[in-house]
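Pasted below: my_file_10.pdb, PDB, C-alpha atoms and all ligand atoms.
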ATOM      1  CA  MET A 277      22.887  28.385  14.747
ATOM      2  CA  PRO A 278      19.122  27.737  14.791
ATOM      3  CA  LYS A 279      17.165  28.210  11.570
ATOM      4  CA  LYS A 280      15.597  31.627  11.958
ATOM      5  CA  VAL A 281      13.128  33.701   9.979
ATOM      6  CA  LEU A 282      12.507  37.428  10.401
ATOM      7  CA  LEU A 283       8.880  38.512   9.949
ATOM      8  CA  VAL A 284       8.610  42.242   9.315
ATOM      9  CA  ILE A 285       4.988  43.296   9.619
ATOM     10  CA  ASP A 286       3.506  46.348   7.873
ATOM     11  CA  MET A 287       6.599  48.570   7.854
ATOM     12  CA  LEU A 288       4.899  50.470   5.032
ATOM     13  CA  LYS A 289       4.764  54.147   4.140
ATOM     14  CA  ASP A 290       1.095  54.625   5.065
ATOM     15  CA  PHE A 291       1.732  53.285   8.591
ATOM     16  CA  ILE A 292       5.234  54.575   9.314
ATOM     17  CA  ASP A 293       5.836  57.787   7.398
ATOM     18  CA  PRO A 294       4.693  60.878   9.358
ATOM     19  CA  ASP A 295       2.374  61.854   6.485
ATOM     20  CA  GLY A 296       1.139  58.287   5.887
ATOM     21  CA  ALA A 297      -2.618  57.728   5.485
ATOM     22  CA  LEU A 298      -2.832  55.743   8.738
ATOM     23  CA  THR A 299       0.371  56.722  10.480
ATOM     24  CA  CYS A 300       1.132  55.047  13.802
ATOM     25  CA  GLY A 301       2.981  58.201  14.865
ATOM     26  CA  GLU A 302       6.191  58.834  16.731
ATOM     27  CA  ALA A 303       6.258  55.423  18.444
ATOM     28  CA  ALA A 304       6.407  53.761  15.033
ATOM     29  CA  ARG A 305       9.134  56.132  13.791
ATOM     30  CA  GLN A 306      11.236  55.213  16.806
ATOM     31  CA  ILE A 307      11.427  51.504  15.960
ATOM     32  CA  VAL A 308      12.744  52.074  12.413
ATOM     33  CA  PRO A 309      16.477  51.967  13.361
ATOM     34  CA  TYR A 310      16.011  48.798  15.419
ATOM     35  CA  VAL A 311      14.044  47.066  12.646
ATOM     36  CA  GLY A 312      16.777  48.148  10.224
ATOM     37  CA  GLU A 313      19.401  46.542  12.475
ATOM     38  CA  LYS A 314      17.457  43.268  12.519
ATOM     39  CA  VAL A 315      17.125  43.326   8.717
ATOM     40  CA  LYS A 316      20.886  43.889   8.421
ATOM     41  CA  GLU A 317      21.622  41.139  10.930
ATOM     42  CA  PHE A 318      19.431  38.576   9.129
ATOM     43  CA  SER A 319      20.698  39.481   5.662
ATOM     44  CA  ALA A 320      24.332  39.358   6.836
ATOM     45  CA  ALA A 321      23.651  35.826   8.090
ATOM     46  CA  ASN A 322      21.877  34.891   4.833
ATOM     47  CA  LEU A 323      18.634  34.195   6.695
ATOM     48  CA  PRO A 324      15.158  34.645   5.179
ATOM     49  CA  ILE A 325      13.292  37.910   5.670
ATOM     50  CA  VAL A 326       9.546  37.853   5.157
ATOM     51  CA  PHE A 327       7.794  41.194   4.672
ATOM     52  CA  ILE A 328       4.095  41.019   5.503
ATOM     53  CA  MET A 329       2.501  43.889   3.602
ATOM     54  CA  ASP A 330      -1.003  45.292   3.848
ATOM     55  CA  ALA A 331      -2.295  45.565   0.257
ATOM     56  CA  HIS A 332      -5.931  46.552  -0.132
ATOM     57  CA  ASP A 333      -8.336  46.847  -2.993
ATOM     58  CA  PRO A 334      -9.529  50.504  -3.241
ATOM     59  CA  GLU A 335     -13.017  49.359  -2.201
ATOM     60  CA  ASP A 336     -11.891  47.034   0.592
ATOM     61  CA  LEU A 337     -14.477  46.642   3.360
ATOM     62  CA  GLU A 338     -11.723  47.165   5.964
ATOM     63  CA  PHE A 339     -12.097  50.845   5.103
ATOM     64  CA  LYS A 340     -15.397  50.822   6.997
ATOM     65  CA  ARG A 341     -13.280  50.380  10.130
ATOM     66  CA  PHE A 342     -10.195  52.415   9.206
ATOM     67  CA  PRO A 343      -9.384  55.305   6.894
ATOM     68  CA  LYS A 344      -8.256  54.226   3.445
ATOM     69  CA  HIS A 345      -4.637  52.997   3.569
ATOM     70  CA  CYS A 346      -2.119  50.765   1.791
ATOM     71  CA  VAL A 347      -4.067  50.501  -1.447
ATOM     72  CA  PHE A 348      -2.313  47.989  -3.674
ATOM     73  CA  GLY A 349      -0.039  49.651  -6.213
ATOM     74  CA  THR A 350       0.059  53.050  -4.461
ATOM     75  CA  PRO A 351       3.185  54.499  -2.783
ATOM     76  CA  GLY A 352       1.529  54.147   0.646
ATOM     77  CA  ALA A 353       1.577  50.354   0.284
ATOM     78  CA  GLU A 354       5.344  50.289  -0.321
ATOM     79  CA  LEU A 355       8.016  49.307   2.170
ATOM     80  CA  ILE A 356       9.495  52.383   3.859
ATOM     81  CA  ASP A 357      12.620  53.707   2.119
ATOM     82  CA  GLU A 358      14.817  53.044   5.176
ATOM     83  CA  LEU A 359      14.193  49.291   4.826
ATOM     84  CA  ARG A 360      13.843  49.084   1.048
ATOM     85  CA  VAL A 361      17.424  50.262   0.524
ATOM     86  CA  LEU A 362      18.703  47.587   2.910
ATOM     87  CA  VAL A 363      17.242  44.682   0.924
ATOM     88  CA  GLU A 364      17.520  45.954  -2.655
ATOM     89  CA  GLU A 365      20.377  43.570  -3.408
ATOM     90  CA  TYR A 366      19.366  40.811  -1.015
ATOM     91  CA  PRO A 367      17.848  37.742  -2.679
ATOM     92  CA  PHE A 368      16.366  35.978   0.364
ATOM     93  CA  VAL A 369      13.370  38.297   0.691
ATOM     94  CA  ILE A 370       9.784  37.071   0.509
ATOM     95  CA  LYS A 371       6.952  39.586   0.233
ATOM     96  CA  VAL A 372       3.515  38.505   1.421
ATOM     97  CA  PRO A 373       0.602  40.819   0.584
ATOM     98  CA  LYS A 374      -2.341  40.622   2.977
ATOM     99  CA  THR A 375      -5.756  42.239   3.301
ATOM    100  CA  ARG A 376      -6.610  41.671   6.965
ATOM    101  CA  TYR A 377      -4.836  41.847  10.342
ATOM    102  CA  SER A 378      -3.361  38.360  10.319
ATOM    103  CA  GLY A 379      -0.468  37.672   7.990
ATOM    104  CA  PHE A 380      -1.967  34.206   7.458
ATOM    105  CA  PHE A 381      -5.466  35.177   6.298
ATOM    106  CA  ARG A 382      -5.815  34.401   2.569
ATOM    107  CA  THR A 383      -2.043  34.389   2.081
ATOM    108  CA  ASN A 384       0.539  31.680   1.488
ATOM    109  CA  LEU A 385       2.461  32.442   4.683
ATOM    110  CA  SER A 386       1.616  29.036   6.122
ATOM    111  CA  ASN A 387       3.246  27.279   3.141
ATOM    112  CA  ILE A 388       6.211  29.636   3.135
ATOM    113  CA  LEU A 389       6.961  28.827   6.775
ATOM    114  CA  SER A 390       6.395  25.098   6.218
ATOM    115  CA  ASP A 391       9.042  25.223   3.490
ATOM    116  CA  LEU A 392      11.506  27.258   5.560
ATOM    117  CA  GLU A 393      11.009  25.101   8.690
ATOM    118  CA  PRO A 394      12.279  27.781  11.077
ATOM    119  CA  GLU A 395      13.230  26.875  14.609
ATOM    120  CA  GLU A 396      12.660  30.499  15.599
ATOM    121  CA  VAL A 397      10.341  33.116  14.103
ATOM    122  CA  HIS A 398      11.451  36.642  14.997
ATOM    123  CA  VAL A 399       8.759  39.307  14.778
ATOM    124  CA  VAL A 400       9.020  43.076  14.343
ATOM    125  CA  GLY A 401       6.643  45.689  12.951
ATOM    126  CA  VAL A 402       3.314  47.432  13.596
ATOM    127  CA  CYS A 403       0.854  47.589  15.207
ATOM    128  CA  THR A 404       1.693  45.578  18.307
ATOM    129  CA  ASN A 405      -1.969  45.165  19.284
ATOM    130  CA  ILE A 406      -3.368  44.558  15.780
ATOM    131  CA  CYS A 407      -1.428  42.914  12.943
ATOM    132  CA  VAL A 408       1.487  41.822  15.145
ATOM    133  CA  LEU A 409      -0.808  40.291  17.772
ATOM    134  CA  TYR A 410      -3.097  38.454  15.325
ATOM    135  CA  THR A 411      -0.172  37.129  13.319
ATOM    136  CA  VAL A 412       1.608  35.929  16.469
ATOM    137  CA  GLU A 413      -1.624  34.231  17.542
ATOM    138  CA  GLU A 414      -1.573  32.172  14.344
ATOM    139  CA  LEU A 415       2.131  31.424  14.754
ATOM    140  CA  ALA A 416       1.284  30.097  18.213
ATOM    141  CA  ASN A 417      -1.497  27.928  16.729
ATOM    142  CA  ARG A 418       1.140  26.373  14.505
ATOM    143  CA  ASP A 419       3.509  25.798  17.437
ATOM    144  CA  TYR A 420       6.343  27.966  16.183
ATOM    145  CA  ARG A 421       8.829  29.308  18.657
ATOM    146  CA  VAL A 422       8.138  33.040  18.463
ATOM    147  CA  ILE A 423      10.399  35.866  19.568
ATOM    148  CA  VAL A 424       8.779  39.301  19.618
ATOM    149  CA  HIS A 425      11.286  42.148  19.735
ATOM    150  CA  GLN A 426      10.002  44.734  22.154
ATOM    151  CA  LYS A 427      12.178  47.482  20.649
ATOM    152  CA  GLY A 428      11.013  46.492  17.180
ATOM    153  CA  VAL A 429       7.230  46.714  17.600
ATOM    154  CA  ALA A 430       5.009  49.747  18.154
ATOM    155  CA  SER A 431       1.465  51.047  18.200
ATOM    156  CA  PHE A 432      -0.359  54.389  18.084
ATOM    157  CA  ASP A 433      -1.917  53.281  21.412
ATOM    158  CA  GLN A 434       0.643  52.828  24.207
ATOM    159  CA  GLU A 435      -1.705  51.087  26.604
ATOM    160  CA  ALA A 436      -2.798  48.596  23.938
ATOM    161  CA  HIS A 437       0.870  48.101  22.976
ATOM    162  CA  ARG A 438       1.768  47.085  26.528
ATOM    163  CA  TRP A 439      -1.314  44.886  26.878
ATOM    164  CA  ALA A 440      -0.567  43.081  23.609
ATOM    165  CA  LEU A 441       3.048  42.405  24.620
ATOM    166  CA  SER A 442       1.880  40.885  27.874
ATOM    167  CA  GLN A 443      -0.855  38.880  26.100
ATOM    168  CA  MET A 444       1.614  37.490  23.556
ATOM    169  CA  GLN A 445       3.960  36.469  26.340
ATOM    170  CA  SER A 446       1.545  35.090  28.919
ATOM    171  CA  VAL A 447      -1.178  33.606  26.714
ATOM    172  CA  LEU A 448       0.440  32.904  23.340
ATOM    173  CA  GLY A 449       3.759  31.713  24.743
ATOM    174  CA  ALA A 450       5.881  34.123  22.746
ATOM    175  CA  GLU A 451       9.227  35.212  24.097
ATOM    176  CA  VAL A 452       9.252  38.995  24.427
ATOM    177  CA  LEU A 453      12.846  40.115  24.025
TER     178      LEU A 453
HETATM  179 ZN    ZN B 501      -5.253  47.353   6.398
END
Show me, as structure tokens, the structure contained in the file I just sent.
Amino acid sequence: MPKKVLLVIDMLKDFIDPDGALTCGEAARQIVPYVGEKVKEFSAANLPIVFIMDAHDPEDLEFKRFPKHCVFGTPGAELIDELRVLVEEYPFVIKVPKTRYSGFFRTNLSNILSDLEPEEVHVVGVCTNICVLYTVEELANRDYRVIVHQKGVASFDQEAHRWALSQMQSVLGAEVL
């Protein structure tokens, strides 16, 4: 079996819960069972699961562009309960806090992936056209084989969601499953 990593992007209360500060809405709720299945599949196979987690300072300048969300240390910045319970006992979990769209910007994700040497990087999470897209772009820069799970990504904007999937496939060379 190829060495695989699961990247779970921003499946956090402020983005996914219906009353979250920056909820992505019903589309994001609908991917939760699929993302849960992937988490179960990877943990059952003892494969690494990397949670990329928005974690802002209360005064972060990103809040000029978006309403305040995922402030570090607040409940909104936590993994949604549906996923948290699945990995409570699982040791091969790596949490990567980030402050911008890309999971690589000012994080140690590059080193983490260099150490894991995955042959396939599987991507799920939100939003397809923002943090998923800009993280996949940087995976492509590093020549990883990327698999984006169509049923496991979502956005508040359906048109942008579809555009981003096509962009990741046609321009960034990701496999959209
Ligand atoms: Zn943010």
- Any idea what's packed within 6 Å of stretch 304-314 of chain A, counting all atoms listed in the file, ignoring anything in its chain fewer than 2 positions away? Could you give it as a ChimeraX atom specification? /A:292,300-302,316-317,428,430
Keeping C-alpha atoms, export the residues of the selection given above as a CSV table (one decimal), in the coordinates of the input.
chain,number,residue,atom,x,y,z
A,292,ILE,CA,5.2,54.6,9.3
A,300,CYS,CA,1.1,55.0,13.8
A,301,GLY,CA,3.0,58.2,14.9
A,302,GLU,CA,6.2,58.8,16.7
A,316,LYS,CA,20.9,43.9,8.4
A,317,GLU,CA,21.6,41.1,10.9
A,428,GLY,CA,11.0,46.5,17.2
A,430,ALA,CA,5.0,49.7,18.2
Each stretch 313-350 of chain A residue no farther than 10 Å from stretch 393-407 of chain A, nearest pair in Å, only C-alpha atoms, as a tab-separated table:
residue	atom	partner	partner_atom	distance
A:Lys314	CA	A:Val400	CA	8.6
A:Val315	CA	A:Val400	CA	9.9
A:Pro324	CA	A:Pro394	CA	9.5
A:Ile325	CA	A:His398	CA	9.6
A:Val326	CA	A:Val399	CA	9.8
A:Phe327	CA	A:Gly401	CA	9.5
A:Ile328	CA	A:Gly401	CA	9.2
A:Asp330	CA	A:Cys407	CA	9.4
- Query: When you draw a straight line from atom CA of A:Thr411 to atom CA of A:Ala320, how long is it in Å?
  - Reply: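 About the pair atom CA of A:Thr411 and atom CA of A:Ala320: they are 25.4 Å apart.
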Neighbours of stretch 368-381 of chain A within 10 Å (only C-alpha atoms; same-chain residues fewer than 6 positions away dropped), as a tab-separated table (two decimals) with C-alpha atoms, keeping the file's coordinate frame?
chain	number	residue	atom	x	y	z
A	282	LEU	CA	12.51	37.43	10.40
A	283	LEU	CA	8.88	38.51	9.95
A	284	VAL	CA	8.61	42.24	9.32
A	285	ILE	CA	4.99	43.30	9.62
A	286	ASP	CA	3.51	46.35	7.87
A	318	PHE	CA	19.43	38.58	9.13
A	319	SER	CA	20.70	39.48	5.66
A	322	ASN	CA	21.88	34.89	4.83
A	323	LEU	CA	18.63	34.20	6.70
A	324	PRO	CA	15.16	34.65	5.18
A	325	ILE	CA	13.29	37.91	5.67
A	326	VAL	CA	9.55	37.85	5.16
A	327	PHE	CA	7.79	41.19	4.67
A	328	ILE	CA	4.10	41.02	5.50
A	329	MET	CA	2.50	43.89	3.60
A	330	ASP	CA	-1.00	45.29	3.85
A	331	ALA	CA	-2.30	45.56	0.26
A	332	HIS	CA	-5.93	46.55	-0.13
A	333	ASP	CA	-8.34	46.85	-2.99
A	336	ASP	CA	-11.89	47.03	0.59
A	337	LEU	CA	-14.48	46.64	3.36
A	338	GLU	CA	-11.72	47.16	5.96
A	346	CYS	CA	-2.12	50.76	1.79
A	347	VAL	CA	-4.07	50.50	-1.45
A	348	PHE	CA	-2.31	47.99	-3.67
A	353	ALA	CA	1.58	50.35	0.28
A	355	LEU	CA	8.02	49.31	2.17
A	387	ASN	CA	3.25	27.28	3.14
A	388	ILE	CA	6.21	29.64	3.14
A	403	CYS	CA	0.85	47.59	15.21
A	405	ASN	CA	-1.97	45.16	19.28
A	406	ILE	CA	-3.37	44.56	15.78
A	407	CYS	CA	-1.43	42.91	12.94
A	408	VAL	CA	1.49	41.82	15.14
A	409	LEU	CA	-0.81	40.29	17.77
A	410	TYR	CA	-3.10	38.45	15.32
A	411	THR	CA	-0.17	37.13	13.32
A	412	VAL	CA	1.61	35.93	16.47
A	413	GLU	CA	-1.62	34.23	17.54
A	414	GLU	CA	-1.57	32.17	14.34
A	415	LEU	CA	2.13	31.42	14.75
- Using the chain letters and residue numbers of this document, give as JSON, numbers by chain the residues selected by the PyMOL selection byres (((chain A and resi 290) around 8) and not hetatm). {"A": [288, 289, 291, 292, 293, 295, 296, 297, 298, 299, 345, 346, 352, 353]}
- Message: I'd like the interatomic distance between atom CA of A:Gln426 and atom CA of A:Trp439, to a tenth of an Å.
- Response: 12.3 Å
- Note on the structure: A straight line from atom CA of A:Glu365 to atom CA of A:Ala321 spans 14.2 Å
Where is the centre and how long are the edges: axis-aligned box on stretch 312-328 of chain A, 5 Å on each side, Å to one decimal, as AutoDock Vina command-line options:
--center_x 14.2 --center_y 41.2 --center_z 8.6 --size_x 30.2 --size_y 24.0 --size_z 17.8
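Among A:Asp357, A:Arg438, A:Leu453, A:Gly349, the residue with the shortest atom-to-atom distance to A:Val422, counting all atoms listed in the file, is A:Leu453.
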At the level of C-alpha atoms, write stretch 310-420 of chain A to a file as a PDB file, in the first residue's frame, please.
ATOM      1  CA  TYR A 310     -17.611  11.567   4.528  1.00  0.00           C
ATOM      2  CA  VAL A 311     -14.688  13.281   6.284  1.00  0.00           C
ATOM      3  CA  GLY A 312     -15.426  11.111   9.326  1.00  0.00           C
ATOM      4  CA  GLU A 313     -15.235   7.992   7.142  1.00  0.00           C
ATOM      5  CA  LYS A 314     -11.843   9.068   5.785  1.00  0.00           C
ATOM      6  CA  VAL A 315     -10.554   9.727   9.316  1.00  0.00           C
ATOM      7  CA  LYS A 316     -11.736   6.256  10.370  1.00  0.00           C
ATOM      8  CA  GLU A 317     -10.196   4.660   7.290  1.00  0.00           C
ATOM      9  CA  PHE A 318      -6.790   6.305   7.843  1.00  0.00           C
ATOM     10  CA  SER A 319      -6.716   5.598  11.576  1.00  0.00           C
ATOM     11  CA  ALA A 320      -7.734   1.957  11.020  1.00  0.00           C
ATOM     12  CA  ALA A 321      -4.767   1.647   8.651  1.00  0.00           C
ATOM     13  CA  ASN A 322      -2.455   3.409  11.135  1.00  0.00           C
ATOM     14  CA  LEU A 323      -1.781   6.214   8.655  1.00  0.00           C
ATOM     15  CA  PRO A 324      -0.983   9.811   9.658  1.00  0.00           C
ATOM     16  CA  ILE A 325      -3.772  12.368   9.899  1.00  0.00           C
ATOM     17  CA  VAL A 326      -2.788  16.017   9.762  1.00  0.00           C
ATOM     18  CA  PHE A 327      -5.344  18.566  10.961  1.00  0.00           C
ATOM     19  CA  ILE A 328      -4.711  22.026   9.534  1.00  0.00           C
ATOM     20  CA  MET A 329      -6.392  24.428  11.942  1.00  0.00           C
ATOM     21  CA  ASP A 330      -7.054  28.134  11.581  1.00  0.00           C
ATOM     22  CA  ALA A 331      -5.838  29.756  14.826  1.00  0.00           C
ATOM     23  CA  HIS A 332      -5.879  33.542  14.910  1.00  0.00           C
ATOM     24  CA  ASP A 333      -4.703  36.181  17.300  1.00  0.00           C
ATOM     25  CA  PRO A 334      -7.743  38.247  18.463  1.00  0.00           C
ATOM     26  CA  GLU A 335      -6.331  41.248  16.576  1.00  0.00           C
ATOM     27  CA  ASP A 336      -5.357  39.355  13.423  1.00  0.00           C
ATOM     28  CA  LEU A 337      -5.400  41.521  10.292  1.00  0.00           C
ATOM     29  CA  GLU A 338      -7.314  38.767   8.450  1.00  0.00           C
ATOM     30  CA  PHE A 339     -10.335  40.099  10.327  1.00  0.00           C
ATOM     31  CA  LYS A 340     -10.279  43.120   8.013  1.00  0.00           C
ATOM     32  CA  ARG A 341     -11.353  40.699   5.279  1.00  0.00           C
ATOM     33  CA  PHE A 342     -13.541  38.294   7.264  1.00  0.00           C
ATOM     34  CA  PRO A 343     -15.589  38.413  10.450  1.00  0.00           C
ATOM     35  CA  LYS A 344     -13.667  37.355  13.535  1.00  0.00           C
ATOM     36  CA  HIS A 345     -13.312  33.549  13.623  1.00  0.00           C
ATOM     37  CA  CYS A 346     -11.173  30.724  15.010  1.00  0.00           C
ATOM     38  CA  VAL A 347      -9.448  32.817  17.654  1.00  0.00           C
ATOM     39  CA  PHE A 348      -6.747  30.700  19.255  1.00  0.00           C
ATOM     40  CA  GLY A 349      -7.885  29.125  22.511  1.00  0.00           C
ATOM     41  CA  THR A 350     -11.619  29.710  21.926  1.00  0.00           C
ATOM     42  CA  PRO A 351     -14.149  26.901  21.297  1.00  0.00           C
ATOM     43  CA  GLY A 352     -14.640  28.122  17.707  1.00  0.00           C
ATOM     44  CA  ALA A 353     -11.039  27.181  16.890  1.00  0.00           C
ATOM     45  CA  GLU A 354     -11.540  23.578  18.043  1.00  0.00           C
ATOM     46  CA  LEU A 355     -12.014  20.545  15.833  1.00  0.00           C
ATOM     47  CA  ILE A 356     -15.710  19.723  15.429  1.00  0.00           C
ATOM     48  CA  ASP A 357     -16.978  17.175  17.968  1.00  0.00           C
ATOM     49  CA  GLU A 358     -17.839  14.630  15.250  1.00  0.00           C
ATOM     50  CA  LEU A 359     -14.142  14.347  14.326  1.00  0.00           C
ATOM     51  CA  ARG A 360     -12.614  14.957  17.751  1.00  0.00           C
ATOM     52  CA  VAL A 361     -14.248  11.830  19.179  1.00  0.00           C
ATOM     53  CA  LEU A 362     -12.846   9.738  16.324  1.00  0.00           C
ATOM     54  CA  VAL A 363      -9.211  10.610  17.063  1.00  0.00           C
ATOM     55  CA  GLU A 364      -9.238  10.957  20.856  1.00  0.00           C
ATOM     56  CA  GLU A 365      -7.371   7.680  21.288  1.00  0.00           C
ATOM     57  CA  TYR A 366      -5.430   7.779  18.035  1.00  0.00           C
ATOM     58  CA  PRO A 367      -1.741   8.639  18.411  1.00  0.00           C
ATOM     59  CA  PHE A 368      -0.838   9.380  14.778  1.00  0.00           C
ATOM     60  CA  VAL A 369      -2.474  12.812  14.701  1.00  0.00           C
ATOM     61  CA  ILE A 370      -0.558  15.993  13.921  1.00  0.00           C
ATOM     62  CA  LYS A 371      -2.205  19.366  14.498  1.00  0.00           C
ATOM     63  CA  VAL A 372      -0.912  22.321  12.500  1.00  0.00           C
ATOM     64  CA  PRO A 373      -2.170  25.771  13.528  1.00  0.00           C
ATOM     65  CA  LYS A 374      -2.194  28.361  10.750  1.00  0.00           C
ATOM     66  CA  THR A 375      -3.098  32.028  10.394  1.00  0.00           C
ATOM     67  CA  ARG A 376      -3.632  32.401   6.646  1.00  0.00           C
ATOM     68  CA  TYR A 377      -5.286  30.442   3.816  1.00  0.00           C
ATOM     69  CA  SER A 378      -2.369  28.168   3.005  1.00  0.00           C
ATOM     70  CA  GLY A 379      -1.542  25.404   5.443  1.00  0.00           C
ATOM     71  CA  PHE A 380       2.130  26.052   4.638  1.00  0.00           C
ATOM     72  CA  PHE A 381       2.335  29.768   5.463  1.00  0.00           C
ATOM     73  CA  ARG A 382       4.370  30.234   8.668  1.00  0.00           C
ATOM     74  CA  THR A 383       3.780  26.629   9.727  1.00  0.00           C
ATOM     75  CA  ASN A 384       5.948  23.524   9.866  1.00  0.00           C
ATOM     76  CA  LEU A 385       3.785  21.581   7.411  1.00  0.00           C
ATOM     77  CA  SER A 386       6.608  21.443   4.881  1.00  0.00           C
ATOM     78  CA  ASN A 387       8.893  19.694   7.400  1.00  0.00           C
ATOM     79  CA  ILE A 388       6.126  17.406   8.604  1.00  0.00           C
ATOM     80  CA  LEU A 389       5.497  16.173   5.061  1.00  0.00           C
ATOM     81  CA  SER A 390       9.229  15.858   4.349  1.00  0.00           C
ATOM     82  CA  ASP A 391       9.492  13.564   7.372  1.00  0.00           C
ATOM     83  CA  LEU A 392       6.427  11.503   6.449  1.00  0.00           C
ATOM     84  CA  GLU A 393       7.461  11.191   2.770  1.00  0.00           C
ATOM     85  CA  PRO A 394       3.938  10.414   1.557  1.00  0.00           C
ATOM     86  CA  GLU A 395       3.393   8.972  -1.882  1.00  0.00           C
ATOM     87  CA  GLU A 396      -0.157  10.323  -1.791  1.00  0.00           C
ATOM     88  CA  VAL A 397      -1.592  13.329   0.043  1.00  0.00           C
ATOM     89  CA  HIS A 398      -5.362  13.041   0.465  1.00  0.00           C
ATOM     90  CA  VAL A 399      -7.194  16.310   1.056  1.00  0.00           C
ATOM     91  CA  VAL A 400     -10.568  17.015   2.662  1.00  0.00           C
ATOM     92  CA  GLY A 401     -12.023  20.068   4.388  1.00  0.00           C
ATOM     93  CA  VAL A 402     -13.168  23.654   3.783  1.00  0.00           C
ATOM     94  CA  CYS A 403     -13.354  25.931   1.926  1.00  0.00           C
ATOM     95  CA  THR A 404     -12.714  24.365  -1.465  1.00  0.00           C
ATOM     96  CA  ASN A 405     -11.919  27.718  -3.095  1.00  0.00           C
ATOM     97  CA  ILE A 406      -9.902  29.222  -0.219  1.00  0.00           C
ATOM     98  CA  CYS A 407      -7.831  27.188   2.250  1.00  0.00           C
ATOM     99  CA  VAL A 408      -8.156  23.918   0.317  1.00  0.00           C
ATOM    100  CA  LEU A 409      -7.164  25.537  -2.986  1.00  0.00           C
ATOM    101  CA  TYR A 410      -4.189  27.509  -1.621  1.00  0.00           C
ATOM    102  CA  THR A 411      -2.890  24.531   0.324  1.00  0.00           C
ATOM    103  CA  VAL A 412      -3.204  22.250  -2.713  1.00  0.00           C
ATOM    104  CA  GLU A 413      -1.346  24.866  -4.759  1.00  0.00           C
ATOM    105  CA  GLU A 414       1.611  24.588  -2.382  1.00  0.00           C
ATOM    106  CA  LEU A 415       1.410  20.792  -2.403  1.00  0.00           C
ATOM    107  CA  ALA A 416       1.642  20.991  -6.191  1.00  0.00           C
ATOM    108  CA  ASN A 417       4.700  23.274  -5.910  1.00  0.00           C
ATOM    109  CA  ARG A 418       6.341  20.538  -3.877  1.00  0.00           C
ATOM    110  CA  ASP A 419       5.407  17.859  -6.424  1.00  0.00           C
ATOM    111  CA  TYR A 420       3.259  15.757  -4.128  1.00  0.00           C
TER     112      TYR A 420
END
